[in-house]
Amino acid sequence: MSFSADVDLSNARSAETSRRLVVGFLNWAHALDHFVMLIYPTVVIELAAVYGRSYATLIALSTASFVAFGLFSLPAGWLGDRWSRRNLMLAFYIGCGLSLVAAAFAPSLTVLAIALLCLGVFAAIYHPVGTAMIIEHAKERGRTLAFNGVCGNLGVALAAGITAALTAALSWRGAFLVPGLVCIATGIIYFWLGSPEQRHVALSAGLVFNTISVALPKIVDERIGSGISLVLVGGLTTAVFLCGAVAQITVGRLVERIQPHILFAAIAIMQFTGVVWSAYASGATLLVALAFTMAAIYGQITVNDLLIARYTADAWRGRVYAVRYFITFMISGVAVSMIAVLYGRGGFSLVLGATAVVAMGFLIAAIAIAIFANGVEKARLPQPAE
């Protein structure tokens with residue numbers, strides 16, 4: 001083998017190592033992103049006892065955080081396409097870490113709300129920037145996006161269980177402090193090891209996703225059985241969320257065999273069915289219904305991202321993902337407010353009933369998209385010669 005061939009082989013291996021490193025950091029970032037945003041919905045159960053406030057009042061404190069999570073995805077996507085996606089990811093790690101540390105040492109609920117707002121601002125960076133980077137570095141988009149989605153789902157799933165354990169061991173402040181230090185440490189490692197710079201559907205999907213995700217710990221606490229501990233609530237919530245991880249792995253394989261727009265419509269039917277089932281179930285059956293619902297919710301996220309990747313040019317991909325996640329996560333503020341208002345008036349029966357109506361809207365939109373995309377795919381097929 002010649003010297004030039006050896007150099008080419010070495011460069012190829014170096015490039016592959018760099019690619020895997022980037023994807024690894026992005027997968028970890030996705031897990032952290034969802035984890036940190038769902039610390040408060042579990043901590044709030046403890047805060048209700050500490051401050052003697054109602055759940056409806058305290059959960060509303062996170063409204064601004066979830067609004068920022070959606071709102072700031074727009075400038076993040078714009079900057080990612082024009083400036084530096086890598087530097088924005090560094091800002092994500094450090095910014096989220098500092099915000100969590102500030103929340104841990106907050107002397108009042110007002111300061112805690114401000115810290116949560118800052119957390120939402122920095123957490124908003126990941127989805128428009130990180131997803132575009134995943135698409136850029138992926139070799140097999142279906143499997144890579146699916147695994148990245150699983151990482152995000154694991155962050156969601158583990159948030160309740162780990163937060164409950166940290167709260168029991170270190171108080172609610174420790175539940176913010178430990179993840180904050182992890183984010184900062186990851187940012188430092190990323191800086192040194194990271195390689196150099198190498199609409200209606202979203203609205204309804206975002207409302208269903210955020211309503212179920214935010215309310216799930218309290219749904220489990222209230223409707224599974226009386227007198228269960230916060231640690232058990234967190235553990236059961238984690239188990240439900242993990243079903244979404246299994247679904248995303250399955251969807252990542254299915255999308256290689258089934259056209260994504262057809263799969264999208266099928267998952268929308270599952271999501272609507274699961275929400276309706278959850279509205280009427282209780283006890284152990286409720287856990288099964290919630291697991292089925294979460295599987296559908298996280299399955300549609302993977303297919304949704306694949307549809308955008310398929311029909312969007314790379315130069316615009318960051319901005320398109322920004323708009324998609326802006327709508328999806330901006331609606332999280334509405335979801336938190338909806339939970340507070342509806343829970344106060346009719347409990348989770350009313351909350352889940354309203355969510356079912358929204359899921360129906362998503363189902364109708366998904367079917368319409370499937371019909372439209374099917375026409376586009378047929379037009380792409382080579383036409384027979386006359």
# chains A, B, ... in the order shown; residues from 1 in each chain; ligands from 1
call {"tool": "select_by_dssp", "arguments": {"residues": "range 224-279 of chain A", "states": "alpha helix (DSSP H)", "output": "MDAnalysis selection string"}}
result
chainID A and resid 230:254 260:279
call {"tool": "residues_around", "arguments": {"residues": "range 299-306 of chain A", "least_positions_apart": "3", "cutoff": "8 Å", "atoms": "only C-alpha atoms", "output": "ChimeraX atom specification"}}
result
/A:141-142,145-146,149,244,247-248,251-252,255,260-261,263-264,267-268,295-296,309-310
call {"tool": "closest_atom_pairs", "arguments": {"of": "range 96-156 of chain A", "to": "range 168-181 of chain A", "cutoff": "7 Å", "atoms": "only C-alpha atoms", "output": "CSV"}}
result
residue,atom,partner,partner_atom,distance
A:Cys96,CA,A:Gly180,CA,6.9
A:Gly97,CA,A:Gly180,CA,4.0
A:Leu98,CA,A:Gly180,CA,6.4
A:Leu100,CA,A:Gly180,CA,4.8
A:Val101,CA,A:Leu177,CA,5.1
A:Ala103,CA,A:Phe176,CA,6.4
A:Ala104,CA,A:Arg173,CA,4.4
A:Phe105,CA,A:Arg173,CA,6.8
call {"tool": "write_last_selection", "arguments": {"atoms": "N, CA, C and O atoms", "output": "PDB file, in the first residue's frame"}}
result
ATOM      1  N   CYS A  96     -27.692  25.715  30.059  1.00  0.00           N
ATOM      2  CA  CYS A  96     -28.607  24.875  30.832  1.00  0.00           C
ATOM      3  C   CYS A  96     -28.033  24.574  32.215  1.00  0.00           C
ATOM      4  O   CYS A  96     -28.746  24.613  33.226  1.00  0.00           O
ATOM      5  N   GLY A  97     -26.724  24.303  32.261  1.00  0.00           N
ATOM      6  CA  GLY A  97     -26.095  24.001  33.539  1.00  0.00           C
ATOM      7  C   GLY A  97     -26.169  25.146  34.519  1.00  0.00           C
ATOM      8  O   GLY A  97     -26.549  24.968  35.681  1.00  0.00           O
ATOM      9  N   LEU A  98     -25.843  26.356  34.059  1.00  0.00           N
ATOM     10  CA  LEU A  98     -25.885  27.520  34.943  1.00  0.00           C
ATOM     11  C   LEU A  98     -27.306  27.835  35.389  1.00  0.00           C
ATOM     12  O   LEU A  98     -27.537  28.246  36.537  1.00  0.00           O
ATOM     13  N   LEU A 100     -29.728  25.675  35.844  1.00  0.00           N
ATOM     14  CA  LEU A 100     -30.109  24.687  36.853  1.00  0.00           C
ATOM     15  C   LEU A 100     -29.452  24.976  38.200  1.00  0.00           C
ATOM     16  O   LEU A 100     -30.082  24.816  39.252  1.00  0.00           O
ATOM     17  N   VAL A 101     -28.204  25.415  38.173  1.00  0.00           N
ATOM     18  CA  VAL A 101     -27.525  25.785  39.420  1.00  0.00           C
ATOM     19  C   VAL A 101     -28.237  26.973  40.066  1.00  0.00           C
ATOM     20  O   VAL A 101     -28.430  27.009  41.290  1.00  0.00           O
ATOM     21  N   ALA A 103     -31.383  27.690  39.752  1.00  0.00           N
ATOM     22  CA  ALA A 103     -32.638  27.173  40.307  1.00  0.00           C
ATOM     23  C   ALA A 103     -32.395  26.484  41.644  1.00  0.00           C
ATOM     24  O   ALA A 103     -33.194  26.597  42.578  1.00  0.00           O
ATOM     25  N   ALA A 104     -31.282  25.772  41.745  1.00  0.00           N
ATOM     26  CA  ALA A 104     -30.967  25.047  42.975  1.00  0.00           C
ATOM     27  C   ALA A 104     -30.772  25.990  44.163  1.00  0.00           C
ATOM     28  O   ALA A 104     -31.120  25.650  45.303  1.00  0.00           O
ATOM     29  N   PHE A 105     -30.227  27.163  43.898  1.00  0.00           N
ATOM     30  CA  PHE A 105     -29.948  28.112  44.976  1.00  0.00           C
ATOM     31  C   PHE A 105     -30.966  29.253  45.039  1.00  0.00           C
ATOM     32  O   PHE A 105     -30.726  30.252  45.713  1.00  0.00           O
TER      33      PHE A 105
END
call {"tool": "residues_around", "arguments": {"residues": "range 204-219 of chain A", "least_positions_apart": "4", "cutoff": "6 Å", "atoms": "only C-alpha atoms", "output": "MDAnalysis selection string"}}
result
chainID A and resid 41 223 237 328 331:332 335 355 358 362
call {"tool": "residues_around", "arguments": {"residues": "range 24-27 of chain A", "least_positions_apart": "4", "cutoff": "10 Å", "atoms": "only C-alpha atoms", "output": "compact mmCIF listing (two decimals) with C-alpha atoms, in the first residue's frame"}}
result
# COMPACT_ATOMS: atom_id res chain seq x y z
CA SER A 18 -15.08 12.55 14.46
CA ARG A 19 -18.52 11.83 13.00
CA ARG A 20 -19.32 9.30 15.71
CA ALA A 31 -31.29 13.17 26.60
CA LEU A 32 -30.18 16.09 28.77
CA ASP A 33 -32.48 18.52 26.97
CA MET A 89 -24.41 23.48 21.24
CA TYR A 126 -31.05 21.72 20.92
CA HIS A 127 -33.90 20.73 18.63
CA VAL A 129 -29.61 22.92 15.87
CA GLY A 130 -29.01 19.38 17.10
CA THR A 131 -31.52 17.74 14.76
CA MET A 133 -26.55 18.30 12.85
CA ILE A 134 -27.84 14.73 13.26
CA THR A 144 -29.80 7.41 13.44
CA LEU A 145 -32.85 9.62 13.99
CA PHE A 147 -31.76 6.21 18.15
CA ASN A 148 -31.42 9.95 18.73
CA GLY A 149 -35.14 10.00 19.50
CA VAL A 150 -34.67 7.13 21.94
CA CYS A 151 -31.99 9.16 23.73
CA GLY A 152 -34.41 12.05 24.08
CA THR A 186 -20.34 17.96 29.59
CA GLY A 187 -19.95 21.41 28.07
CA ILE A 189 -15.63 18.09 27.70
CA TYR A 190 -17.46 19.02 24.49
CA LEU A 193 -13.05 16.97 22.51
CA GLY A 194 -15.69 18.17 20.07
call {"tool": "residues_around", "arguments": {"residues": "Tyr40 in chain A", "least_positions_apart": "6", "cutoff": "12 Å", "atoms": "only C-alpha atoms", "output": "number ranges by chain"}}
result
A: 34, 46-48, 55, 58-63, 65-66, 100, 103-104, 112-113, 115-117, 119-120, 156, 159-160, 162-164, 167, 172-173, 175-176, 213-215, 217-218, 336
call {"tool": "atom_distance", "arguments": {"atom1": "CA of Tyr321 in chain A", "atom2": "CA of Gly80 in chain A"}}
result
10.7 Å
call {"tool": "atom_distance", "arguments": {"atom1": "CA of Glu136 in chain A", "atom2": "CA of Gly77 in chain A"}}
result
14.3 Å
